[in-house]
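> Here it is, the structure in full.
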Amino acid sequence: MYVKKRADGICEGCGKEAPFVTPQGRPYLEAHHVRRVSDGGPDHPRWVIALCPNCHRQVHHGQDGEQYNKRLASQLDEIELS
Ligand SMILES: [Zn+2]
Ligand SMILES: [Zn+2]
């Protein structure tokens with residue numbers, strides 16, 4: 001919830017607008033954990049980023065997904081520490 005509010009309808013990965021709006025009138029973004037919960041990074045906003053479906057698929061299924069995830073993690077550093 002907080003993460004999606006923070007993103008304000010903009011994908012925090014590529015900076016593009018959410019591709020569509022939900023029936024509730026909210027921009028559709030997906031929450032992605034940059035750390036697996038098993039790594040000790042639970043639901044804290046520090047470890048969760050709002051992504052459009054494209055970016056989210058890329059992190060999980062892209063050839064460079066792992067690298068992309070690292071980039072997102074350092075981006076989260078900036079967002080949450082600023
Ligand atoms: Zn995106
Ligand atoms: Zn994910």
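Just so we're on the same page: first chain in the structure tokens is A, next is B, and so on; residues restart at 1 for each chain, and ligands are numbered from 1 in the order they show up.
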Can you pull out every residue within 9 Å of A:Leu51, counting only C-alpha atoms, but drop anything in the same chain fewer than 4 positions away, and send it as an NGL selection string?

:A and (4 or 7 or 10-14 or 18 or 28-32 or 55-56)

> Please save all heavy atoms of the selected residues as an mmCIF file, in the first residue's frame.


```
data_model
loop_
_atom_site.group_PDB
_atom_site.id
_atom_site.type_symbol
_atom_site.label_atom_id
_atom_site.label_comp_id
_atom_site.auth_asym_id
_atom_site.auth_seq_id
_atom_site.Cartn_x
_atom_site.Cartn_y
_atom_site.Cartn_z
ATOM 1 N N LYS A 4 2.958 1.644 -3.102
ATOM 2 C CA LYS A 4 2.256 2.097 -4.295
ATOM 3 C C LYS A 4 1.891 3.565 -4.209
ATOM 4 O O LYS A 4 1.852 4.275 -5.208
ATOM 5 C CB LYS A 4 1.015 1.229 -4.517
ATOM 6 C CG LYS A 4 1.434 -0.156 -4.949
ATOM 7 C CD LYS A 4 0.288 -1.081 -5.231
ATOM 8 C CE LYS A 4 0.830 -2.486 -5.463
ATOM 9 N NZ LYS A 4 -0.230 -3.477 -5.525
ATOM 10 N N ALA A 7 5.044 5.400 -5.064
ATOM 11 C CA ALA A 7 5.310 5.391 -6.499
ATOM 12 C C ALA A 7 4.383 6.358 -7.234
ATOM 13 O O ALA A 7 4.736 6.872 -8.293
ATOM 14 C CB ALA A 7 5.129 3.974 -7.046
ATOM 15 N N ILE A 10 3.682 5.728 -10.929
ATOM 16 C CA ILE A 10 4.848 5.666 -11.801
ATOM 17 C C ILE A 10 5.690 4.457 -11.417
ATOM 18 O O ILE A 10 6.016 4.270 -10.254
ATOM 19 C CB ILE A 10 5.711 6.942 -11.663
ATOM 20 C CG1 ILE A 10 4.888 8.215 -11.908
ATOM 21 C CG2 ILE A 10 6.922 6.877 -12.577
ATOM 22 C CD1 ILE A 10 4.439 8.405 -13.338
ATOM 23 N N CYS A 11 6.043 3.657 -12.417
ATOM 24 C CA CYS A 11 6.915 2.517 -12.159
ATOM 25 C C CYS A 11 8.261 3.000 -11.627
ATOM 26 O O CYS A 11 8.896 3.872 -12.232
ATOM 27 C CB CYS A 11 7.120 1.724 -13.441
ATOM 28 S SG CYS A 11 8.395 0.475 -13.309
ATOM 29 N N GLU A 12 8.685 2.440 -10.503
ATOM 30 C CA GLU A 12 9.947 2.879 -9.910
ATOM 31 C C GLU A 12 11.152 2.231 -10.593
ATOM 32 O O GLU A 12 12.286 2.512 -10.267
ATOM 33 C CB GLU A 12 9.944 2.602 -8.399
ATOM 34 C CG GLU A 12 8.954 3.497 -7.662
ATOM 35 C CD GLU A 12 8.893 3.245 -6.152
ATOM 36 O OE1 GLU A 12 8.735 2.086 -5.737
ATOM 37 O OE2 GLU A 12 9.003 4.212 -5.397
ATOM 38 N N GLY A 13 10.867 1.360 -11.564
ATOM 39 C CA GLY A 13 11.949 0.759 -12.329
ATOM 40 C C GLY A 13 12.273 1.569 -13.573
ATOM 41 O O GLY A 13 13.394 2.016 -13.770
ATOM 42 N N CYS A 14 11.280 1.787 -14.423
ATOM 43 C CA CYS A 14 11.540 2.454 -15.703
ATOM 44 C C CYS A 14 11.020 3.893 -15.732
ATOM 45 O O CYS A 14 11.291 4.630 -16.682
ATOM 46 C CB CYS A 14 10.919 1.653 -16.846
ATOM 47 S SG CYS A 14 9.122 1.547 -16.770
ATOM 48 N N ALA A 18 1.947 3.689 -14.963
ATOM 49 C CA ALA A 18 1.301 2.379 -14.904
ATOM 50 C C ALA A 18 0.497 2.166 -16.182
ATOM 51 O O ALA A 18 -0.106 3.107 -16.689
ATOM 52 C CB ALA A 18 0.396 2.297 -13.680
ATOM 53 N N TYR A 28 -2.272 0.544 -11.971
ATOM 54 C CA TYR A 28 -1.849 -0.825 -11.722
ATOM 55 C C TYR A 28 -0.338 -0.951 -11.710
ATOM 56 O O TYR A 28 0.333 -0.800 -12.727
ATOM 57 C CB TYR A 28 -2.426 -1.772 -12.771
ATOM 58 C CG TYR A 28 -2.036 -3.207 -12.503
ATOM 59 C CD1 TYR A 28 -2.731 -3.965 -11.574
ATOM 60 C CD2 TYR A 28 -0.946 -3.773 -13.156
ATOM 61 C CE1 TYR A 28 -2.362 -5.271 -11.297
ATOM 62 C CE2 TYR A 28 -0.569 -5.078 -12.888
ATOM 63 C CZ TYR A 28 -1.284 -5.825 -11.960
ATOM 64 O OH TYR A 28 -0.897 -7.110 -11.695
ATOM 65 N N LEU A 29 0.209 -1.242 -10.534
ATOM 66 C CA LEU A 29 1.627 -1.538 -10.397
ATOM 67 C C LEU A 29 1.756 -2.776 -9.518
ATOM 68 O O LEU A 29 0.867 -3.065 -8.720
ATOM 69 C CB LEU A 29 2.378 -0.361 -9.747
ATOM 70 C CG LEU A 29 2.494 0.917 -10.574
ATOM 71 C CD1 LEU A 29 3.084 2.039 -9.717
ATOM 72 C CD2 LEU A 29 3.356 0.707 -11.806
ATOM 73 N N GLU A 30 2.845 -3.486 -9.669
ATOM 74 C CA GLU A 30 3.047 -4.681 -8.859
ATOM 75 C C GLU A 30 4.149 -4.438 -7.843
ATOM 76 O O GLU A 30 5.139 -3.766 -8.133
ATOM 77 C CB GLU A 30 3.420 -5.855 -9.776
ATOM 78 C CG GLU A 30 2.294 -6.186 -10.746
ATOM 79 C CD GLU A 30 2.671 -7.275 -11.736
ATOM 80 O OE1 GLU A 30 3.850 -7.681 -11.785
ATOM 81 O OE2 GLU A 30 1.766 -7.706 -12.471
ATOM 82 N N ALA A 31 3.960 -4.986 -6.647
ATOM 83 C CA ALA A 31 4.966 -4.846 -5.600
ATOM 84 C C ALA A 31 6.013 -5.936 -5.761
ATOM 85 O O ALA A 31 5.686 -7.113 -5.857
ATOM 86 C CB ALA A 31 4.318 -4.933 -4.231
ATOM 87 N N HIS A 32 7.255 -5.551 -5.809
ATOM 88 C CA HIS A 32 8.342 -6.529 -5.928
ATOM 89 C C HIS A 32 9.291 -6.403 -4.744
ATOM 90 O O HIS A 32 9.697 -5.304 -4.359
ATOM 91 C CB HIS A 32 9.114 -6.295 -7.237
ATOM 92 C CG HIS A 32 10.385 -7.070 -7.294
ATOM 93 N ND1 HIS A 32 10.407 -8.452 -7.383
ATOM 94 C CD2 HIS A 32 11.676 -6.673 -7.237
ATOM 95 C CE1 HIS A 32 11.680 -8.854 -7.387
ATOM 96 N NE2 HIS A 32 12.458 -7.802 -7.310
ATOM 97 N N CYS A 55 8.527 -4.433 -16.139
ATOM 98 C CA CYS A 55 9.739 -4.427 -15.316
ATOM 99 C C CYS A 55 9.736 -5.607 -14.358
ATOM 100 O O CYS A 55 10.763 -6.236 -14.128
ATOM 101 C CB CYS A 55 9.834 -3.121 -14.530
ATOM 102 S SG CYS A 55 10.237 -1.721 -15.570
ATOM 103 N N HIS A 56 8.565 -5.905 -13.809
ATOM 104 C CA HIS A 56 8.484 -7.006 -12.857
ATOM 105 C C HIS A 56 8.854 -8.326 -13.518
ATOM 106 O O HIS A 56 9.602 -9.125 -12.963
ATOM 107 C CB HIS A 56 7.072 -7.057 -12.256
ATOM 108 C CG HIS A 56 7.021 -7.820 -10.964
ATOM 109 N ND1 HIS A 56 5.856 -8.189 -10.369
ATOM 110 C CD2 HIS A 56 8.014 -8.270 -10.170
ATOM 111 C CE1 HIS A 56 6.136 -8.862 -9.252
ATOM 112 N NE2 HIS A 56 7.441 -8.918 -9.112
#
```

> What are the DSSP alpha helix (DSSP H) residues of chain A, as a CSV table (one decimal) with N, CA and C atoms, in the first residue's frame?


```
chain,number,residue,atom,x,y,z
A,2,TYR,N,1.7,1.3,1.0
A,2,TYR,CA,2.6,2.5,1.1
A,2,TYR,C,3.5,2.7,-0.1
A,3,VAL,N,4.0,1.5,-0.5
A,3,VAL,CA,4.9,1.6,-1.7
A,3,VAL,C,4.2,2.1,-2.9
A,4,LYS,N,3.0,1.6,-3.1
A,4,LYS,CA,2.3,2.1,-4.3
A,4,LYS,C,1.9,3.6,-4.2
A,5,LYS,N,1.6,4.0,-3.0
A,5,LYS,CA,1.4,5.4,-2.8
A,5,LYS,C,2.7,6.2,-3.1
A,6,ARG,N,3.8,5.7,-2.6
A,6,ARG,CA,5.1,6.4,-2.8
A,6,ARG,C,5.3,6.5,-4.3
A,7,ALA,N,5.0,5.4,-5.1
A,7,ALA,CA,5.3,5.4,-6.5
A,7,ALA,C,4.4,6.4,-7.2
A,53,PRO,N,4.2,-4.2,-14.9
A,53,PRO,CA,4.3,-5.6,-15.2
A,53,PRO,C,5.5,-6.0,-16.0
A,54,ASN,N,5.9,-5.1,-16.9
A,54,ASN,CA,7.0,-5.3,-17.8
A,54,ASN,C,8.3,-5.4,-17.0
A,55,CYS,N,8.5,-4.4,-16.1
A,55,CYS,CA,9.7,-4.4,-15.3
A,55,CYS,C,9.7,-5.6,-14.4
A,56,HIS,N,8.6,-5.9,-13.8
A,56,HIS,CA,8.5,-7.0,-12.9
A,56,HIS,C,8.9,-8.3,-13.5
A,57,ARG,N,8.4,-8.5,-14.7
A,57,ARG,CA,8.7,-9.8,-15.5
A,57,ARG,C,10.2,-9.8,-15.7
A,58,GLN,N,10.7,-8.6,-16.1
A,58,GLN,CA,12.1,-8.6,-16.4
A,58,GLN,C,13.0,-9.0,-15.2
A,59,VAL,N,12.7,-8.5,-14.0
A,59,VAL,CA,13.5,-8.9,-12.9
A,59,VAL,C,13.5,-10.4,-12.7
A,60,HIS,N,12.3,-11.0,-12.8
A,60,HIS,CA,12.2,-12.4,-12.5
A,60,HIS,C,12.5,-13.3,-13.7
A,61,HIS,N,12.3,-12.9,-14.9
A,61,HIS,CA,12.5,-13.8,-16.1
A,61,HIS,C,13.5,-13.2,-17.1
A,65,GLY,N,18.1,-10.2,-15.3
A,65,GLY,CA,17.2,-9.9,-14.1
A,65,GLY,C,17.9,-9.7,-12.8
A,66,GLU,N,18.9,-10.4,-12.6
A,66,GLU,CA,19.6,-10.3,-11.3
A,66,GLU,C,20.3,-8.9,-11.2
A,67,GLN,N,20.9,-8.5,-12.3
A,67,GLN,CA,21.5,-7.2,-12.3
A,67,GLN,C,20.5,-6.1,-12.2
A,68,TYR,N,19.4,-6.3,-12.8
A,68,TYR,CA,18.3,-5.3,-12.8
A,68,TYR,C,17.8,-5.2,-11.3
A,69,ASN,N,17.7,-6.3,-10.7
A,69,ASN,CA,17.2,-6.3,-9.3
A,69,ASN,C,18.2,-5.5,-8.4
A,70,LYS,N,19.5,-5.7,-8.7
A,70,LYS,CA,20.5,-4.9,-7.9
A,70,LYS,C,20.3,-3.4,-8.1
A,71,ARG,N,20.1,-3.1,-9.4
A,71,ARG,CA,19.9,-1.7,-9.7
A,71,ARG,C,18.7,-1.1,-8.9
A,72,LEU,N,17.6,-1.9,-8.9
A,72,LEU,CA,16.4,-1.5,-8.2
A,72,LEU,C,16.7,-1.4,-6.7
A,73,ALA,N,17.5,-2.3,-6.1
A,73,ALA,CA,17.8,-2.2,-4.7
A,73,ALA,C,18.5,-0.9,-4.4
A,74,SER,N,19.5,-0.5,-5.2
A,74,SER,CA,20.2,0.7,-4.9
A,74,SER,C,19.3,1.9,-5.2
A,75,GLN,N,18.4,1.8,-6.1
A,75,GLN,CA,17.4,2.9,-6.3
A,75,GLN,C,16.5,3.0,-5.1
A,76,LEU,N,16.2,1.9,-4.5
A,76,LEU,CA,15.4,2.0,-3.2
A,76,LEU,C,16.2,2.7,-2.1
A,77,ASP,N,17.5,2.4,-2.1
A,77,ASP,CA,18.3,3.1,-1.1
A,77,ASP,C,18.1,4.6,-1.2
A,78,GLU,N,18.2,5.1,-2.5
A,78,GLU,CA,18.0,6.5,-2.7
A,78,GLU,C,16.7,7.1,-2.3
A,79,ILE,N,15.6,6.3,-2.7
A,79,ILE,CA,14.3,6.7,-2.5
A,79,ILE,C,14.0,6.8,-1.0
A,80,GLU,N,14.4,5.8,-0.2
A,80,GLU,CA,14.1,5.7,1.2
A,80,GLU,C,15.0,6.5,2.1
A,81,LEU,N,16.2,6.8,1.6
A,81,LEU,CA,17.1,7.5,2.4
A,81,LEU,C,17.1,9.0,2.1
```

> Just asking: which residues within chain A are strand (DSSP E) according to DSSP, as number ranges by chain?

A: 30-33, 48-51

> With N, CA and C atoms retained, could you export that selection as a short mmCIF file (atom, residue, chain, number, x, y, z; two decimals), in the first residue's frame?


```cif
data_model
loop_
_atom_site.label_atom_id
_atom_site.label_comp_id
_atom_site.auth_asym_id
_atom_site.auth_seq_id
_atom_site.Cartn_x
_atom_site.Cartn_y
_atom_site.Cartn_z
N GLU A 30 2.85 -3.49 -9.67
CA GLU A 30 3.05 -4.68 -8.86
C GLU A 30 4.15 -4.44 -7.84
N ALA A 31 3.96 -4.99 -6.65
CA ALA A 31 4.97 -4.85 -5.60
C ALA A 31 6.01 -5.94 -5.76
N HIS A 32 7.25 -5.55 -5.81
CA HIS A 32 8.34 -6.53 -5.93
C HIS A 32 9.29 -6.40 -4.74
N HIS A 33 9.64 -7.55 -4.16
CA HIS A 33 10.60 -7.57 -3.07
C HIS A 33 12.00 -7.68 -3.66
N VAL A 48 10.74 -3.13 -0.75
CA VAL A 48 9.68 -3.38 -1.72
C VAL A 48 9.60 -2.22 -2.70
N ILE A 49 9.53 -2.55 -3.97
CA ILE A 49 9.50 -1.52 -5.00
C ILE A 49 8.26 -1.74 -5.88
N ALA A 50 7.68 -0.66 -6.34
CA ALA A 50 6.50 -0.75 -7.20
C ALA A 50 6.94 -0.75 -8.66
N LEU A 51 6.54 -1.81 -9.38
CA LEU A 51 6.98 -1.97 -10.76
C LEU A 51 5.79 -2.16 -11.69
#
```

> With only C-alpha atoms and all ligand atoms as the atoms that count, which of A:Ser82, A:Thr22, A:Gln63, A:Lys16 lies nearest to ligand 1?

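Result for the nearest residue to ligand 1: A:Lys16.
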
> When you count only C-alpha atoms and all ligand atoms, which of these residues is closest to ligand 1: A:Cys52, A:Pro45, A:Gly62, A:Met1?

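For ligand 1, the nearest of the given residues is A:Cys52.
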